[in-house]
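One file, data.cif, carrying mmCIF, C-alpha atoms:
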data_run
loop_
_atom_site.label_atom_id
_atom_site.label_comp_id
_atom_site.auth_asym_id
_atom_site.auth_seq_id
_atom_site.Cartn_x
_atom_site.Cartn_y
_atom_site.Cartn_z
CA MET A 1 22.04 50.80 69.49
CA ILE A 2 18.88 48.87 68.60
CA GLN A 3 19.54 46.24 71.26
CA LEU A 4 20.18 48.95 73.86
CA LEU A 5 16.93 50.72 72.97
CA ALA A 6 15.10 47.37 73.07
CA ARG A 7 16.28 46.75 76.63
CA VAL A 8 15.02 50.18 77.65
CA PHE A 9 11.67 50.33 75.82
CA ILE A 10 10.57 46.70 75.22
CA ARG A 11 9.35 44.65 78.14
CA ASP A 12 10.41 40.99 77.95
CA TYR A 13 12.56 41.92 74.94
CA LYS A 14 13.99 38.39 74.52
CA ASN A 15 10.58 36.74 74.02
CA TYR A 16 10.62 36.97 70.22
CA GLU A 17 7.54 34.73 69.82
CA ASP A 18 5.24 37.14 71.71
CA PRO A 19 3.17 39.17 69.17
CA ARG A 20 3.46 42.29 71.36
CA VAL A 21 7.25 41.99 71.48
CA ARG A 22 7.34 41.45 67.70
CA ALA A 23 5.25 44.59 67.16
CA ALA A 24 7.53 46.59 69.47
CA TYR A 25 10.66 45.44 67.63
CA GLY A 26 9.04 46.20 64.29
CA THR A 27 8.16 49.72 65.44
CA LEU A 28 11.63 50.35 66.88
CA CYS A 29 13.60 49.06 63.88
CA SER A 30 11.32 50.61 61.27
CA GLY A 31 11.27 53.99 63.02
CA THR A 32 15.07 54.01 63.18
CA ALA A 33 15.31 53.03 59.51
CA ILE A 34 12.86 55.77 58.44
CA VAL A 35 14.91 58.50 60.14
CA LEU A 36 18.26 57.24 58.83
CA ASN A 37 17.00 56.74 55.26
CA ILE A 38 15.43 60.20 55.07
CA ILE A 39 18.69 61.80 56.25
CA LEU A 40 20.75 59.77 53.75
CA SER A 41 18.33 60.44 50.89
CA ALA A 42 18.37 64.21 51.45
CA ALA A 43 22.17 64.31 51.66
CA LYS A 44 22.61 62.18 48.51
CA PHE A 45 20.10 64.20 46.48
CA VAL A 46 22.08 67.35 47.24
CA VAL A 47 25.52 65.90 46.45
CA GLY A 48 24.11 63.96 43.46
CA ILE A 49 22.83 67.16 41.86
CA LEU A 50 26.02 69.06 42.68
CA ALA A 51 28.23 66.26 41.33
CA GLY A 52 25.98 65.55 38.33
CA SER A 53 26.05 61.84 39.25
CA VAL A 54 23.17 59.63 38.15
CA SER A 55 24.38 56.75 40.33
CA ILE A 56 24.31 58.96 43.46
CA SER A 57 20.88 60.32 42.50
CA ALA A 58 19.62 56.77 41.92
CA ASP A 59 21.00 55.80 45.32
CA ALA A 60 19.18 58.78 46.87
CA ALA A 61 15.89 57.70 45.28
CA ASN A 62 16.52 54.18 46.55
CA ASN A 63 17.03 55.51 50.10
CA LEU A 64 13.76 57.44 49.84
CA SER A 65 11.95 54.28 48.73
CA ASP A 66 13.61 52.48 51.65
CA ALA A 67 12.08 55.07 54.01
CA GLY A 68 8.67 54.39 52.46
CA SER A 69 9.25 50.65 52.79
CA SER A 70 10.19 51.06 56.45
CA LEU A 71 6.96 53.01 57.06
CA ILE A 72 4.95 50.15 55.53
CA ILE A 73 6.87 47.63 57.64
CA LEU A 74 6.13 49.69 60.76
CA LEU A 75 2.39 49.76 59.97
CA GLY A 76 2.46 46.05 59.14
CA PHE A 77 3.95 45.10 62.50
CA ARG A 78 1.49 47.33 64.34
CA PHE A 79 -1.56 45.84 62.60
CA ALA A 80 -0.19 42.28 62.81
CA GLY A 81 0.08 42.63 66.59
CA LYS A 82 -3.65 43.36 66.99
CA ALA A 83 -5.57 40.82 69.06
CA PRO A 84 -7.97 38.36 67.36
CA HIS A 85 -11.64 39.33 67.14
CA PRO A 86 -14.83 37.66 65.82
CA ASP A 87 -14.20 38.69 62.20
CA HIS A 88 -10.58 37.47 62.27
CA PRO A 89 -10.44 34.79 64.99
CA PHE A 90 -6.93 33.66 63.99
CA GLY A 91 -5.44 37.13 64.45
CA HIS A 92 -3.86 39.52 61.96
CA GLY A 93 -0.36 38.07 61.61
CA ARG A 94 -0.60 37.58 57.84
CA ILE A 95 -0.56 41.36 57.41
CA GLU A 96 3.22 41.00 57.75
CA TYR A 97 3.22 38.99 54.53
CA VAL A 98 1.02 41.55 52.75
CA THR A 99 3.28 44.43 53.78
CA GLY A 100 6.31 42.40 52.73
CA PHE A 101 4.83 42.06 49.26
CA LEU A 102 4.16 45.82 49.14
CA VAL A 103 7.75 46.51 50.17
CA ALA A 104 8.98 44.25 47.36
CA ALA A 105 6.80 46.19 44.89
CA ILE A 106 8.28 49.51 46.07
CA ILE A 107 11.81 48.14 45.72
CA LEU A 108 11.03 46.93 42.18
CA ALA A 109 9.61 50.34 41.24
CA ALA A 110 12.79 52.03 42.55
CA GLY A 111 14.89 49.60 40.50
CA VAL A 112 12.97 50.35 37.31
CA GLN A 113 13.38 54.10 37.82
CA ALA A 114 17.10 53.71 38.54
CA ALA A 115 17.55 51.65 35.35
CA ARG A 116 15.69 54.25 33.27
CA SER A 117 17.88 57.08 34.60
CA ALA A 118 21.06 55.08 33.94
CA VAL A 119 20.07 54.28 30.35
CA GLU A 120 19.24 57.92 29.66
CA ARG A 121 22.66 58.98 31.00
CA ILE A 122 24.44 56.39 28.81
CA PHE A 123 22.96 58.05 25.70
CA HIS A 124 23.34 61.57 27.09
CA PRO A 125 26.51 61.57 29.26
CA GLU A 126 27.39 64.52 31.48
CA ASP A 127 30.58 65.45 33.29
CA LEU A 128 30.92 64.70 36.99
CA GLU A 129 31.85 67.19 39.70
CA VAL A 130 33.95 65.49 42.37
CA THR A 131 33.68 67.16 45.80
CA TRP A 132 34.77 66.24 49.28
CA ALA A 133 31.16 66.62 50.40
CA ALA A 134 30.08 63.86 48.00
CA VAL A 135 32.89 61.56 49.19
CA ILE A 136 32.10 62.13 52.87
CA VAL A 137 28.35 61.56 52.36
CA LEU A 138 28.96 58.33 50.45
CA VAL A 139 31.39 56.96 53.05
CA LEU A 140 28.98 57.75 55.89
CA SER A 141 26.16 56.17 53.90
CA ILE A 142 28.11 52.93 53.54
CA LEU A 143 28.75 52.78 57.30
CA VAL A 144 25.10 53.51 58.14
CA LYS A 145 23.77 50.94 55.64
CA VAL A 146 26.14 48.24 56.91
CA TYR A 147 24.71 48.81 60.39
CA MET A 148 21.11 48.82 59.13
CA GLY A 149 21.71 45.62 57.19
CA TYR A 150 23.19 43.99 60.28
CA PHE A 151 20.38 44.77 62.71
CA ASN A 152 17.60 44.04 60.20
CA ARG A 153 19.01 40.63 59.28
CA ARG A 154 19.82 39.75 62.89
CA LEU A 155 16.35 40.61 64.18
CA GLY A 156 14.70 39.24 61.04
CA ARG A 157 16.15 35.80 61.80
CA LYS A 158 15.12 35.96 65.46
CA LEU A 159 11.61 37.19 64.65
CA ARG A 160 11.35 34.92 61.59
CA SER A 161 10.25 37.95 59.57
CA GLU A 162 10.88 37.76 55.82
CA THR A 163 9.99 41.46 55.58
CA MET A 164 12.83 42.47 57.91
CA LEU A 165 15.22 40.03 56.24
CA MET A 166 14.37 41.61 52.89
CA ALA A 167 15.02 45.09 54.35
CA GLY A 168 18.38 43.82 55.61
CA ARG A 169 19.34 42.42 52.21
CA ASP A 170 18.31 45.68 50.59
CA ALA A 171 20.45 47.68 53.03
CA LEU A 172 23.50 45.52 52.30
CA ASN A 173 22.86 45.88 48.56
CA ASP A 174 22.82 49.63 49.15
CA THR A 175 26.36 49.44 50.50
CA VAL A 176 27.44 47.89 47.20
CA SER A 177 25.61 50.49 45.12
CA THR A 178 26.97 53.37 47.19
CA GLY A 179 30.44 51.88 46.99
CA LEU A 180 30.14 51.80 43.19
CA ALA A 181 29.07 55.43 43.11
CA LEU A 182 32.09 56.34 45.25
CA LEU A 183 34.40 54.29 43.02
CA CYS A 184 33.08 56.09 39.93
CA LEU A 185 33.87 59.46 41.47
CA VAL A 186 37.42 58.37 42.35
CA LEU A 187 38.03 56.87 38.88
CA TYR A 188 36.72 60.03 37.21
CA ARG A 189 39.00 62.21 39.33
CA VAL A 190 42.06 60.01 38.71
CA SER A 191 41.63 58.90 35.09
CA GLY A 192 38.79 60.92 33.61
CA TRP A 193 36.75 57.77 32.90
CA ASN A 194 33.04 58.41 33.35
CA LEU A 195 31.51 55.04 34.28
CA ASP A 196 28.74 56.57 36.37
CA ALA A 197 25.86 55.52 34.10
CA TYR A 198 27.06 51.92 33.93
CA ALA A 199 27.39 51.85 37.72
CA GLY A 200 23.80 53.11 37.82
CA LEU A 201 22.75 50.05 35.78
CA VAL A 202 24.50 47.75 38.27
CA VAL A 203 22.72 49.55 41.11
CA ALA A 204 19.39 49.09 39.32
CA PHE A 205 20.07 45.37 38.85
CA LEU A 206 20.83 44.89 42.55
CA ILE A 207 17.66 46.75 43.54
CA LEU A 208 15.53 44.73 41.11
CA ARG A 209 17.03 41.43 42.28
CA THR A 210 16.26 42.20 45.93
CA GLY A 211 12.68 43.21 45.06
CA PHE A 212 12.12 40.08 42.97
CA GLN A 213 13.52 37.69 45.59
CA GLY A 214 11.56 39.35 48.40
CA GLY A 215 8.35 39.41 46.40
CA LYS A 216 8.73 35.74 45.50
CA GLU A 217 9.25 34.73 49.14
CA THR A 218 6.37 36.77 50.57
CA LEU A 219 4.02 35.61 47.80
CA SER A 220 4.97 32.03 48.67
CA GLN A 221 4.05 32.72 52.31
CA LEU A 222 0.72 34.24 51.29
CA LEU A 223 -0.10 31.21 49.15
CA GLY A 224 0.80 28.81 51.98
CA LYS A 225 4.35 27.46 51.74
CA LYS A 226 5.60 24.24 53.24
CA PRO A 227 6.52 24.66 56.93
CA GLU A 228 10.16 24.93 57.97
CA PRO A 229 11.81 21.55 58.74
CA GLU A 230 12.90 22.87 62.15
CA THR A 231 9.26 23.49 63.11
CA VAL A 232 8.19 20.02 61.97
CA LYS A 233 11.07 18.45 63.90
CA LYS A 234 10.16 20.29 67.11
CA ILE A 235 6.55 19.13 66.83
CA GLU A 236 7.63 15.53 66.26
CA GLU A 237 10.03 15.63 69.22
CA ILE A 238 7.38 17.01 71.58
CA VAL A 239 4.63 14.58 70.59
CA MET A 240 6.87 11.51 70.41
CA SER A 241 8.30 12.26 73.89
CA PHE A 242 5.12 10.66 75.29
CA PRO A 243 5.64 6.87 75.50
CA GLU A 244 1.94 6.18 74.88
CA ILE A 245 2.27 7.64 71.35
CA LEU A 246 3.76 5.09 68.93
CA GLY A 247 3.91 7.19 65.76
CA ILE A 248 2.50 10.27 64.07
CA HIS A 249 1.29 11.06 60.56
CA ASP A 250 -1.01 13.35 58.57
CA MET A 251 0.57 16.47 60.06
CA VAL A 252 -0.85 19.73 58.72
CA ILE A 253 0.43 23.17 59.75
CA HIS A 254 -1.65 26.28 59.01
CA ASP A 255 0.38 29.50 59.06
CA TYR A 256 -1.43 32.63 60.26
CA GLY A 257 1.65 34.85 60.34
CA PRO A 258 5.14 34.58 61.86
CA GLY A 259 4.90 32.90 65.25
CA ARG A 260 1.18 32.14 64.79
CA PHE A 261 0.22 28.71 63.52
CA HIS A 262 -2.18 25.83 64.09
CA VAL A 263 -1.04 22.22 63.87
CA SER A 264 -3.14 19.08 63.49
CA LEU A 265 -1.87 15.50 63.32
CA HIS A 266 -2.80 11.88 63.88
CA ALA A 267 -1.11 9.98 66.71
CA GLU A 268 -0.99 6.16 66.75
CA VAL A 269 -1.63 4.49 70.11
CA ASP A 270 -2.01 0.91 71.34
CA GLY A 271 -5.57 -0.13 70.47
CA SER A 272 -5.73 -2.45 73.47
CA GLY A 273 -4.69 0.23 75.98
CA ASP A 274 -6.78 2.11 78.53
CA ILE A 275 -8.75 4.68 76.50
CA TYR A 276 -8.79 7.21 79.34
CA ALA A 277 -5.03 6.96 79.94
CA LEU A 278 -4.36 7.27 76.21
CA HIS A 279 -6.69 10.26 75.91
CA ASP A 280 -4.90 11.90 78.83
CA ALA A 281 -1.54 11.45 77.05
CA ILE A 282 -2.99 13.05 73.90
CA ASP A 283 -4.26 16.00 75.96
CA ARG A 284 -0.87 16.46 77.64
CA ALA A 285 0.91 16.36 74.27
CA THR A 286 -1.48 19.00 72.90
CA LEU A 287 -0.92 21.23 75.93
CA GLU A 288 2.86 20.91 75.64
CA LEU A 289 2.71 21.91 71.96
CA GLU A 290 0.78 25.04 72.87
CA GLU A 291 3.09 25.93 75.78
CA LYS A 292 6.42 25.36 74.01
CA LEU A 293 5.60 26.48 70.46
CA HIS A 294 2.81 29.01 71.17
CA CYS A 295 0.55 27.28 68.67
CA HIS A 296 -2.94 25.80 68.67
CA GLY A 297 -2.77 22.00 68.49
CA VAL A 298 -5.29 19.33 67.54
CA ILE A 299 -4.30 15.65 67.80
CA HIS A 300 -6.48 12.84 66.48
CA MET A 301 -5.98 9.47 68.20
CA ASP A 302 -5.52 6.44 65.91
CA PRO A 303 -5.65 3.02 67.65
CA VAL A 304 -3.43 0.34 66.10
CA ASP A 305 -3.02 -3.37 66.81
CA ILE A 306 0.56 -4.03 67.94
CA TRP A 307 0.11 -7.41 69.62
CA ASP A 308 -1.42 -9.60 66.89
CA GLU A 309 1.43 -11.52 65.25
CA GLN A 310 -0.48 -12.14 62.02
CA VAL A 311 -1.25 -8.42 61.64
CA ALA A 312 2.39 -7.57 62.38
CA ALA A 313 3.60 -10.04 59.74
CA LEU A 314 1.18 -8.71 57.10
CA ARG A 315 2.21 -5.12 57.93
CA GLU A 316 5.90 -5.97 57.51
CA GLU A 317 5.30 -7.75 54.18
CA THR A 318 3.23 -4.83 52.87
CA GLU A 319 5.86 -2.28 53.95
CA SER A 320 8.51 -4.39 52.23
CA CYS A 321 6.48 -4.32 49.00
CA LEU A 322 6.22 -0.53 49.20
CA ARG A 323 9.97 -0.15 49.77
CA GLU A 324 10.65 -2.28 46.69
CA LEU A 325 8.26 -0.17 44.60
CA ASP A 326 9.62 3.18 45.77
CA PRO A 327 11.47 4.13 49.00
CA GLN A 328 9.64 7.49 48.94
CA LEU A 329 6.30 5.81 49.72
CA GLN A 330 5.24 5.61 53.37
CA MET A 331 2.42 3.67 55.00
CA HIS A 332 0.29 4.23 58.10
CA ASP A 333 -3.09 3.29 59.63
CA PHE A 334 -2.63 -0.39 58.73
CA ARG A 335 -5.61 -2.60 59.57
CA VAL A 336 -6.56 -6.17 58.70
CA VAL A 337 -10.18 -7.24 58.16
CA PRO A 338 -10.62 -10.96 57.36
CA GLY A 339 -13.31 -11.86 54.81
CA PRO A 340 -14.88 -15.11 53.60
CA SER A 341 -12.65 -15.34 50.52
CA LYS A 342 -10.08 -12.53 50.85
CA THR A 343 -8.34 -10.70 53.69
CA ASN A 344 -8.67 -6.95 53.35
CA LEU A 345 -5.57 -4.88 54.03
CA ILE A 346 -6.69 -1.34 54.74
CA PHE A 347 -4.01 1.35 54.91
CA ASP A 348 -2.97 4.84 53.84
CA VAL A 349 0.00 5.55 51.56
CA VAL A 350 1.80 8.90 51.60
CA ALA A 351 3.10 9.92 48.16
CA PRO A 352 5.09 13.10 47.39
CA PHE A 353 3.46 15.99 45.52
CA GLY A 354 4.01 15.68 41.78
CA TYR A 355 4.49 11.91 42.01
CA ARG A 356 5.06 10.16 38.68
CA LEU A 357 1.84 8.10 39.06
CA THR A 358 -1.72 9.30 39.56
CA ASP A 359 -3.47 8.18 42.74
CA GLU A 360 -5.45 5.58 40.80
CA GLU A 361 -2.36 4.22 39.06
CA LEU A 362 -0.51 4.06 42.38
CA ARG A 363 -3.34 2.08 43.99
CA ARG A 364 -3.32 -0.41 41.10
CA VAL A 365 0.46 -0.87 41.16
CA ILE A 366 0.52 -1.44 44.94
CA GLN A 367 -2.42 -3.84 44.74
CA GLU A 368 -0.70 -5.90 42.05
CA ARG A 369 2.62 -5.95 43.94
CA VAL A 370 1.04 -6.95 47.26
CA GLN A 371 -1.01 -9.72 45.64
CA GLU A 372 2.16 -11.18 44.12
CA CYS A 373 3.46 -11.67 47.67
CA GLN A 374 0.12 -12.33 49.38
CA PRO A 375 -2.41 -13.80 46.91
CA GLN A 376 -5.02 -14.20 49.65
CA CYS A 377 -5.11 -10.45 50.33
CA GLN A 378 -6.62 -7.44 48.62
CA CYS A 379 -5.85 -3.78 49.38
CA ILE A 380 -8.08 -0.87 50.21
CA ILE A 381 -5.77 2.12 49.88
CA GLN A 382 -6.15 5.81 50.68
CA VAL A 383 -3.47 7.97 49.01
CA ASP A 384 -2.32 10.92 51.14
CA LYS A 385 0.08 13.81 50.51
CA ALA A 386 2.85 15.05 52.82
CA TYR A 387 1.84 18.57 53.90
CA ALA A 388 4.72 18.90 56.34
#

Rewrite the structure from the file as structure tokens, please.
Amino acid sequence: MIQLLARVFIRDYKNYEDPRVRAAYGTLCSGTAIVLNIILSAAKFVVGILAGSVSISADAANNLSDAGSSLIILLGFRFAGKAPHPDHPFGHGRIEYVTGFLVAAIILAAGVQAARSAVERIFHPEDLEVTWAAVIVLVLSILVKVYMGYFNRRLGRKLRSETMLMAGRDALNDTVSTGLALLCLVLYRVSGWNLDAYAGLVVAFLILRTGFQGGKETLSQLLGKKPEPETVKKIEEIVMSFPEILGIHDMVIHDYGPGRFHVSLHAEVDGSGDIYALHDAIDRATLELEEKLHCHGVIHMDPVDIWDEQVAALREETESCLRELDPQLQMHDFRVVPGPSKTNLIFDVVAPFGYRLTDEELRRVIQERVQECQPQCQCIIQVDKAYA
């Protein structure tokens, strides 16, 4: 149904990277979810009261919170799709992360309330009233929630929206909680066992787990998480497709919301080449990044000496020393500056975050190791971190 409506109401509906298409999908999916959740919540409140079931009532409250969450998601997509302006020149895409965090908070609040109701019913149990109306509502709810979970997760992956993925996980969790409520009714009718309150605790746990996981992920995005490996790989493939570019390093990706990012990197080129031809290659690589990935790209050109045999030999020996020290260490921007008494080896070393040595200790260890192999050399080392 969602895909059919998208074809009718969303122009260029397959262009998931376009902010306008993302906003349209967010409005369509969230509006559908609001209507369905309100209908389910109203039906479950009625049958929950009639049946005296705390698990059904908890499920109804959860559906109502889902409707509120969907409204926040809808507003988030609408605001995130607004065009950049002087006060926010990078756009408003991060609003999706803020709304995702709010949705997680609502889900957590619903989980706490569900747990409180379940605990109260454990200490003050009440008989259940099994009706066909309750069974029919619960079965229909399971079918509707399976569908909602499917389309939210499917579109969440295509739009790269953690908020929609979280809504999809929550919907699928709802199918489990509703299934438990239905099972409790059947068991009570068949055996007289009243496990409704304990099922309510399980429902509360599932709700809390979804809220915690979603909140953790969206908070990570707000703080600035490491970019996805697929994105880094695509950037590397595009830039390295130009034969003038020999290598890349110091890549930094700034995330301004799903589908909105800026990338900067250093590209190594032949230092003896034609500066205008090399600059043209850098410009073409930047343009291709922007066209294929819809990002803003900045590439810094680093000239390197690839023809001097002495420099090549010193580079290989230094790289060998680094590999012996730790295969995790990487080197770039290698230069050789001869001096009256010592030859200076100037280079950058990339160390992982949380490395066992401080930057100063790492410089000292590398210096000592290189001098063991090349006594006539001394190192001038800049320690970098891998941001991508």

Can you translate the PyMOL selection byres ((chain A and resi 262-277) around 7) into the concrete residues it hits in this file, as a PyMOL selection string? chain A and resi 244-255+261+278-281+295-306

My list of candidates is A:Met331, A:Ile56, A:Val311, A:Val137. Which is closest to Ile39 (chain A) when distances are computed with all atoms listed in the file? A:Val137

What's the 10 Å shell around region 376-387 of chain A, counting all atoms listed in the file, without same-chain residues fewer than 4 positions away, as a compact mmCIF listing (two decimals) with C-alpha atoms, keeping the file's coordinate frame?
# COMPACT_ATOMS: atom_id res chain seq x y z
CA LYS A 225 4.35 27.46 51.74
CA LYS A 226 5.60 24.24 53.24
CA PRO A 227 6.52 24.66 56.93
CA HIS A 249 1.29 11.06 60.56
CA ASP A 250 -1.01 13.35 58.57
CA MET A 251 0.57 16.47 60.06
CA VAL A 252 -0.85 19.73 58.72
CA ILE A 253 0.43 23.17 59.75
CA HIS A 254 -1.65 26.28 59.01
CA LEU A 314 1.18 -8.71 57.10
CA THR A 318 3.23 -4.83 52.87
CA GLN A 330 5.24 5.61 53.37
CA MET A 331 2.42 3.67 55.00
CA HIS A 332 0.29 4.23 58.10
CA ASP A 333 -3.09 3.29 59.63
CA PHE A 334 -2.63 -0.39 58.73
CA ARG A 335 -5.61 -2.60 59.57
CA VAL A 336 -6.56 -6.17 58.70
CA VAL A 337 -10.18 -7.24 58.16
CA PRO A 338 -10.62 -10.96 57.36
CA GLY A 339 -13.31 -11.86 54.81
CA SER A 341 -12.65 -15.34 50.52
CA LYS A 342 -10.08 -12.53 50.85
CA THR A 343 -8.34 -10.70 53.69
CA ASN A 344 -8.67 -6.95 53.35
CA LEU A 345 -5.57 -4.88 54.03
CA ILE A 346 -6.69 -1.34 54.74
CA PHE A 347 -4.01 1.35 54.91
CA ASP A 348 -2.97 4.84 53.84
CA VAL A 349 0.00 5.55 51.56
CA VAL A 350 1.80 8.90 51.60
CA ALA A 351 3.10 9.92 48.16
CA PRO A 352 5.09 13.10 47.39
CA PHE A 353 3.46 15.99 45.52
CA GLY A 354 4.01 15.68 41.78
CA TYR A 355 4.49 11.91 42.01
CA THR A 358 -1.72 9.30 39.56
CA ASP A 359 -3.47 8.18 42.74
CA GLU A 360 -5.45 5.58 40.80
CA LEU A 362 -0.51 4.06 42.38
CA ARG A 363 -3.34 2.08 43.99
CA ARG A 364 -3.32 -0.41 41.10
CA ILE A 366 0.52 -1.44 44.94
CA GLN A 367 -2.42 -3.84 44.74
CA GLU A 368 -0.70 -5.90 42.05
CA VAL A 370 1.04 -6.95 47.26
CA GLN A 371 -1.01 -9.72 45.64
CA GLU A 372 2.16 -11.18 44.12

Can you work out which one of A:Pro229, A:Pro89, A:Pro19, A:Gly68 has the shortest atom-to-atom distance to Leu159 (chain A), counting only C-alpha atoms? A:Pro19

Once the PyMOL selection byres ((chain A and resi 59) around 9) is applied to the coordinates I shared, what remains selected? I want it as a list of chain:residue names. A:Ser41, A:Lys44, A:Phe45, A:Gly48, A:Val54, A:Ser55, A:Ile56, A:Ser57, A:Ala58, A:Ala60, A:Ala61, A:Asn62, A:Asn63, A:Leu64, A:Ala114, A:Asp174, A:Ser177, A:Thr178, A:Ala181, A:Gly200, A:Val203

Test item: residues at most 8 Å from Pro258 (chain A), only C-alpha atoms, excluding those fewer than 5 positions along its chain, as a PDB file with C-alpha atoms, in the coordinates of the input:
ATOM      1  CA  GLY A  93      -0.360  38.070  61.610  1.00  0.00           C
ATOM      2  CA  ARG A  94      -0.600  37.580  57.840  1.00  0.00           C
ATOM      3  CA  GLU A  96       3.220  41.000  57.750  1.00  0.00           C
ATOM      4  CA  LEU A 159      11.610  37.190  64.650  1.00  0.00           C
ATOM      5  CA  ARG A 160      11.350  34.920  61.590  1.00  0.00           C
ATOM      6  CA  SER A 161      10.250  37.950  59.570  1.00  0.00           C
TER       7      SER A 161
END

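In this structure, CA of Ser69 (chain A) sits 5.1 Å away from CA of Val103 (chain A).
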
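Picked out by the PyMOL selection byres ((chain A and resi 207-221) around 6) when it runs on this file: A:Tyr97, A:Phe101, A:Ala104, A:Ile107, A:Leu108, A:Gly111, A:Met166, A:Ala204, A:Phe205, A:Leu206, A:Leu222, A:Leu223, A:Gly224, A:Lys225.
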
Please rebuild region 155-171 of chain A with N, CA and C atoms and give the result as a PDB file, in the frame of the given file.
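Dumped everything to part.pdb:
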ATOM      1  N   LEU A 155      17.678  40.678  63.588  1.00  0.00           N
ATOM      2  CA  LEU A 155      16.350  40.610  64.180  1.00  0.00           C
ATOM      3  C   LEU A 155      15.364  39.875  63.278  1.00  0.00           C
ATOM      4  N   GLY A 156      15.568  39.972  61.965  1.00  0.00           N
ATOM      5  CA  GLY A 156      14.700  39.240  61.040  1.00  0.00           C
ATOM      6  C   GLY A 156      14.772  37.742  61.256  1.00  0.00           C
ATOM      7  N   ARG A 157      15.996  37.240  61.521  1.00  0.00           N
ATOM      8  CA  ARG A 157      16.150  35.800  61.800  1.00  0.00           C
ATOM      9  C   ARG A 157      15.502  35.434  63.131  1.00  0.00           C
ATOM     10  N   LYS A 158      15.678  36.274  64.144  1.00  0.00           N
ATOM     11  CA  LYS A 158      15.120  35.960  65.460  1.00  0.00           C
ATOM     12  C   LYS A 158      13.593  36.046  65.460  1.00  0.00           C
ATOM     13  N   LEU A 159      13.061  37.022  64.716  1.00  0.00           N
ATOM     14  CA  LEU A 159      11.610  37.190  64.650  1.00  0.00           C
ATOM     15  C   LEU A 159      10.979  36.342  63.555  1.00  0.00           C
ATOM     16  N   ARG A 160      11.817  35.695  62.742  1.00  0.00           N
ATOM     17  CA  ARG A 160      11.350  34.920  61.590  1.00  0.00           C
ATOM     18  C   ARG A 160      10.463  35.789  60.691  1.00  0.00           C
ATOM     19  N   SER A 161      10.979  36.982  60.394  1.00  0.00           N
ATOM     20  CA  SER A 161      10.250  37.950  59.570  1.00  0.00           C
ATOM     21  C   SER A 161      10.948  38.109  58.228  1.00  0.00           C
ATOM     22  N   GLU A 162      10.316  37.619  57.156  1.00  0.00           N
ATOM     23  CA  GLU A 162      10.880  37.760  55.820  1.00  0.00           C
ATOM     24  C   GLU A 162      10.940  39.235  55.415  1.00  0.00           C
ATOM     25  N   THR A 163       9.996  40.038  55.908  1.00  0.00           N
ATOM     26  CA  THR A 163       9.990  41.460  55.580  1.00  0.00           C
ATOM     27  C   THR A 163      11.247  42.148  56.094  1.00  0.00           C
ATOM     28  N   MET A 164      11.628  41.862  57.337  1.00  0.00           N
ATOM     29  CA  MET A 164      12.830  42.470  57.910  1.00  0.00           C
ATOM     30  C   MET A 164      14.092  41.903  57.258  1.00  0.00           C
ATOM     31  N   LEU A 165      14.073  40.621  56.936  1.00  0.00           N
ATOM     32  CA  LEU A 165      15.220  40.030  56.240  1.00  0.00           C
ATOM     33  C   LEU A 165      15.408  40.687  54.874  1.00  0.00           C
ATOM     34  N   MET A 166      14.298  40.959  54.192  1.00  0.00           N
ATOM     35  CA  MET A 166      14.370  41.610  52.890  1.00  0.00           C
ATOM     36  C   MET A 166      14.922  43.034  53.041  1.00  0.00           C
ATOM     37  N   ALA A 167      14.492  43.749  54.089  1.00  0.00           N
ATOM     38  CA  ALA A 167      15.020  45.090  54.350  1.00  0.00           C
ATOM     39  C   ALA A 167      16.513  45.029  54.638  1.00  0.00           C
ATOM     40  N   GLY A 168      16.950  43.973  55.339  1.00  0.00           N
ATOM     41  CA  GLY A 168      18.380  43.820  55.610  1.00  0.00           C
ATOM     42  C   GLY A 168      19.180  43.551  54.355  1.00  0.00           C
ATOM     43  N   ARG A 169      18.642  42.687  53.476  1.00  0.00           N
ATOM     44  CA  ARG A 169      19.340  42.420  52.210  1.00  0.00           C
ATOM     45  C   ARG A 169      19.412  43.678  51.357  1.00  0.00           C
ATOM     46  N   ASP A 170      18.332  44.448  51.371  1.00  0.00           N
ATOM     47  CA  ASP A 170      18.310  45.680  50.590  1.00  0.00           C
ATOM     48  C   ASP A 170      19.340  46.680  51.116  1.00  0.00           C
ATOM     49  N   ALA A 171      19.471  46.759  52.436  1.00  0.00           N
ATOM     50  CA  ALA A 171      20.450  47.680  53.030  1.00  0.00           C
ATOM     51  C   ALA A 171      21.875  47.277  52.646  1.00  0.00           C
TER      52      ALA A 171
END
